[in-house]
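Structure file work00.json; described as JSON, C-alpha atoms.
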[["chain", "number", "residue", "atom", "x", "y", "z"],
["A", 619, "THR", "CA", 0.00, 0.00, 0.00],
["A", 620, "LEU", "CA", 1.02, 3.60, -0.44],
["A", 621, "GLU", "CA", 0.95, 4.26, 3.28],
["A", 622, "TYR", "CA", 3.33, 1.37, 3.89],
["A", 623, "TYR", "CA", 5.96, 2.85, 1.58],
["A", 624, "ALA", "CA", 5.33, 6.55, 2.30],
["A", 625, "GLN", "CA", 8.41, 6.89, 4.52],
["A", 626, "THR", "CA", 10.60, 4.50, 2.54],
["A", 627, "PRO", "CA", 12.45, 7.18, 0.52],
["A", 628, "GLN", "CA", 13.61, 8.72, 3.80],
["A", 629, "ALA", "CA", 14.50, 5.28, 5.15],
["A", 630, "ILE", "CA", 16.68, 4.72, 2.08],
["A", 631, "ASP", "CA", 18.42, 8.04, 2.81],
["A", 632, "ARG", "CA", 19.07, 6.97, 6.41],
["A", 633, "CYS", "CA", 20.53, 3.64, 5.31],
["A", 634, "VAL", "CA", 22.81, 5.33, 2.81],
["A", 635, "ALA", "CA", 23.98, 7.91, 5.37],
["A", 636, "ALA", "CA", 24.72, 5.17, 7.91],
["A", 637, "ALA", "CA", 26.27, 2.81, 5.33],
["A", 638, "ASP", "CA", 23.68, 0.25, 6.47],
["A", 639, "PHE", "CA", 23.89, -2.63, 4.01],
["A", 640, "ASP", "CA", 21.42, -4.78, 5.96],
["A", 641, "GLY", "CA", 18.77, -2.07, 6.18],
["A", 642, "LEU", "CA", 19.15, -1.18, 2.53],
["A", 643, "GLN", "CA", 18.98, -4.83, 1.49],
["A", 644, "ASN", "CA", 15.81, -5.31, 3.54],
["A", 645, "ILE", "CA", 14.11, -2.31, 1.91],
["A", 646, "ALA", "CA", 15.21, -3.31, -1.59],
["A", 647, "HIS", "CA", 14.08, -6.89, -1.12],
["A", 648, "GLY", "CA", 10.54, -5.72, -0.34],
["A", 649, "LEU", "CA", 10.50, -3.30, -3.24],
["A", 650, "LYS", "CA", 11.48, -5.97, -5.77],
["A", 651, "SER", "CA", 8.14, -7.72, -5.60],
["A", 652, "SER", "CA", 6.10, -4.58, -4.98],
["A", 653, "GLY", "CA", 7.60, -2.95, -8.06],
["A", 654, "GLY", "CA", 6.82, -6.04, -10.06],
["A", 655, "ASN", "CA", 3.25, -6.17, -8.80],
["A", 656, "LEU", "CA", 2.75, -2.55, -9.85],
["A", 657, "MET", "CA", 4.37, -3.19, -13.24],
["A", 658, "ALA", "CA", 6.97, -0.59, -12.27],
["A", 659, "ARG", "CA", 9.82, -2.32, -14.07],
["A", 660, "LYS", "CA", 12.47, 0.31, -13.40],
["A", 661, "LEU", "CA", 11.67, 0.28, -9.68],
["A", 662, "ALA", "CA", 11.76, -3.51, -9.56],
["A", 663, "GLU", "CA", 15.06, -3.68, -11.47],
["A", 664, "LEU", "CA", 16.76, -1.05, -9.30],
["A", 665, "ALA", "CA", 15.49, -2.82, -6.18],
["A", 666, "ARG", "CA", 16.90, -6.10, -7.49],
["A", 667, "ARG", "CA", 20.28, -4.47, -8.09],
["A", 668, "VAL", "CA", 20.37, -2.85, -4.64],
["A", 669, "ASP", "CA", 19.27, -6.10, -2.99],
["A", 670, "SER", "CA", 22.03, -8.04, -4.72],
["A", 671, "SER", "CA", 24.79, -5.48, -4.23],
["A", 672, "SER", "CA", 23.86, -4.88, -0.59],
["A", 673, "ARG", "CA", 23.92, -8.59, 0.11],
["A", 674, "ALA", "CA", 27.44, -8.65, -1.40],
["A", 675, "ARG", "CA", 28.45, -5.63, 0.73],
["A", 676, "ASP", "CA", 29.31, -3.71, -2.42],
["A", 677, "SER", "CA", 29.54, 0.06, -1.89],
["A", 678, "GLU", "CA", 27.89, 0.49, -5.31],
["A", 679, "SER", "CA", 24.68, -0.24, -3.37],
["A", 680, "PHE", "CA", 24.64, 3.28, -2.04],
["A", 681, "ILE", "CA", 24.96, 4.82, -5.50],
["A", 682, "ILE", "CA", 22.18, 2.66, -6.95],
["A", 683, "ALA", "CA", 20.07, 3.39, -3.85],
["A", 684, "ALA", "CA", 19.86, 7.04, -4.90],
["A", 685, "GLU", "CA", 18.31, 5.94, -8.20],
["A", 686, "LEU", "CA", 16.00, 3.57, -6.32],
["A", 687, "ARG", "CA", 14.85, 6.40, -4.07],
["A", 688, "THR", "CA", 14.07, 8.58, -7.09],
["A", 689, "ALA", "CA", 12.19, 5.78, -8.85],
["A", 690, "LEU", "CA", 10.20, 4.96, -5.72],
["A", 691, "SER", "CA", 9.27, 8.59, -5.16],
["A", 692, "ALA", "CA", 8.05, 8.82, -8.76],
["A", 693, "VAL", "CA", 5.95, 5.65, -8.43],
["A", 694, "LEU", "CA", 4.44, 6.82, -5.14],
["A", 695, "HIS", "CA", 3.60, 10.19, -6.68],
["A", 696, "GLU", "CA", 2.00, 8.61, -9.75],
["A", 697, "CYS", "CA", -0.03, 6.16, -7.68],
["A", 698, "SER", "CA", -1.28, 8.95, -5.43],
["A", 699, "ARG", "CA", -2.23, 11.05, -8.45],
["A", 700, "ARG", "CA", -4.19, 8.22, -10.03],
["A", 701, "LEU", "CA", -6.04, 7.49, -6.80],
["A", 702, "GLU", "CA", -6.90, 11.17, -6.32],
["A", 703, "GLU", "CA", -8.40, 11.18, -9.82],
["A", 704, "GLY", "CA", -10.60, 8.26, -8.85],
["A", 705, "GLY", "CA", -8.61, 5.70, -10.77],
["A", 706, "THR", "CA", -6.87, 2.55, -9.71],
["A", 707, "ILE", "CA", -3.26, 1.52, -9.49]]
Could you render the structure as structure tokens?
Amino acid sequence: TLEYYAQTPQAIDRCVAAADFDGLQNIAHGLKSSGGNLMARKLAELARRVDSSSRARDSESFIIAAELRTALSAVLHECSRRLEEGGTI
């Protein structure tokens, strides 16, 4: 749900600032399937990359996480817009 992920962009920021691989991997793992369920392919792919690189303790995770945050914010915004217009997501 939108409410569930509303604070996730900020949580991604906190994980990046703290170099928290485990926290970032946990967030990304959840977003992989959610992105897929929403047909948000870019979000799902970025989440998959962050999940994998975080699990490997690769510092590239933090760079990709910035892209993931942007993609998630865009998806959340678009979903909110559609719901406000009376549509579905």
Next item on the list: Give me the residues within 9 Å of stretch 688-704 of chain A as number ranges by chain, counting all atoms listed in the file and dropping any in the same chain fewer than 4 places off.
Entry: A: 620, 623-624, 626-627, 649, 653, 656, 658, 660-661, 664, 683-684
Just write the chosen residues, C-alpha atoms, as a tab-separated table (two decimals), in the frame of the given file.
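Dumped to again-v1.tsv:
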chain	number	residue	atom	x	y	z
A	620	LEU	CA	1.02	3.60	-0.44
A	623	TYR	CA	5.96	2.85	1.58
A	624	ALA	CA	5.33	6.55	2.30
A	626	THR	CA	10.60	4.50	2.54
A	627	PRO	CA	12.45	7.18	0.52
A	649	LEU	CA	10.50	-3.30	-3.24
A	653	GLY	CA	7.60	-2.95	-8.06
A	656	LEU	CA	2.75	-2.55	-9.85
A	658	ALA	CA	6.97	-0.59	-12.27
A	660	LYS	CA	12.47	0.31	-13.40
A	661	LEU	CA	11.67	0.28	-9.68
A	664	LEU	CA	16.76	-1.05	-9.30
A	683	ALA	CA	20.07	3.39	-3.85
A	684	ALA	CA	19.86	7.04	-4.90
Check: In Å, with one decimal, what is the gap from atom CA of A:Gly654 to atom CA of A:Ala637?
Finding: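 If I compute the distance from atom CA of A:Gly654 to atom CA of A:Ala637, I get 26.3 Å.
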Notebook entry, point to check: Could you state the separation of atom CA of A:Lys650 and atom CA of A:Arg666 in Å, given to one decimal place?
Noted result: 5.7 Å
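Atom CA of A:Ile681 is found 9.0 Å from atom CA of A:Val668.
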Exercise on stretch 637-642 of chain A, axis-aligned box with 6 Å per side, report centre and edge lengths in Å to one decimal, as lines of an AutoDock Vina configuration file:
center_x = 22.5
center_y = -1.0
center_z = 4.5
size_x = 19.5
size_y = 19.6
size_z = 15.9
Item checked: Among the residues A:Met657, A:Ile682, A:Ala636, A:Ile707, the one that comes closest to A:Ser670 [using all atoms listed in the file] -> A:Ile682
Check: In terms of the shortest atom-to-atom distance over only C-alpha atoms, which of A:Arg687, A:Gly705, A:Ile630, A:Asn655 is closest to A:Leu642?
Finding: A:Ile630
Note to self: Which residue is closest to A:Glu685? Choose from A:Cys633, A:Phe639, A:Ser651, A:Ala665 and count all atoms listed in the file.
What the structure shows: A:Ala665
Next item on the list: Point out the residue among A:Asp640, A:Ala662, A:Ala646, A:Ser652 with the least atom-to-atom distance to A:Ala674, counting only C-alpha atoms.
Entry: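 Among the listed residues, the smallest separation from A:Ala674 belongs to A:Asp640.
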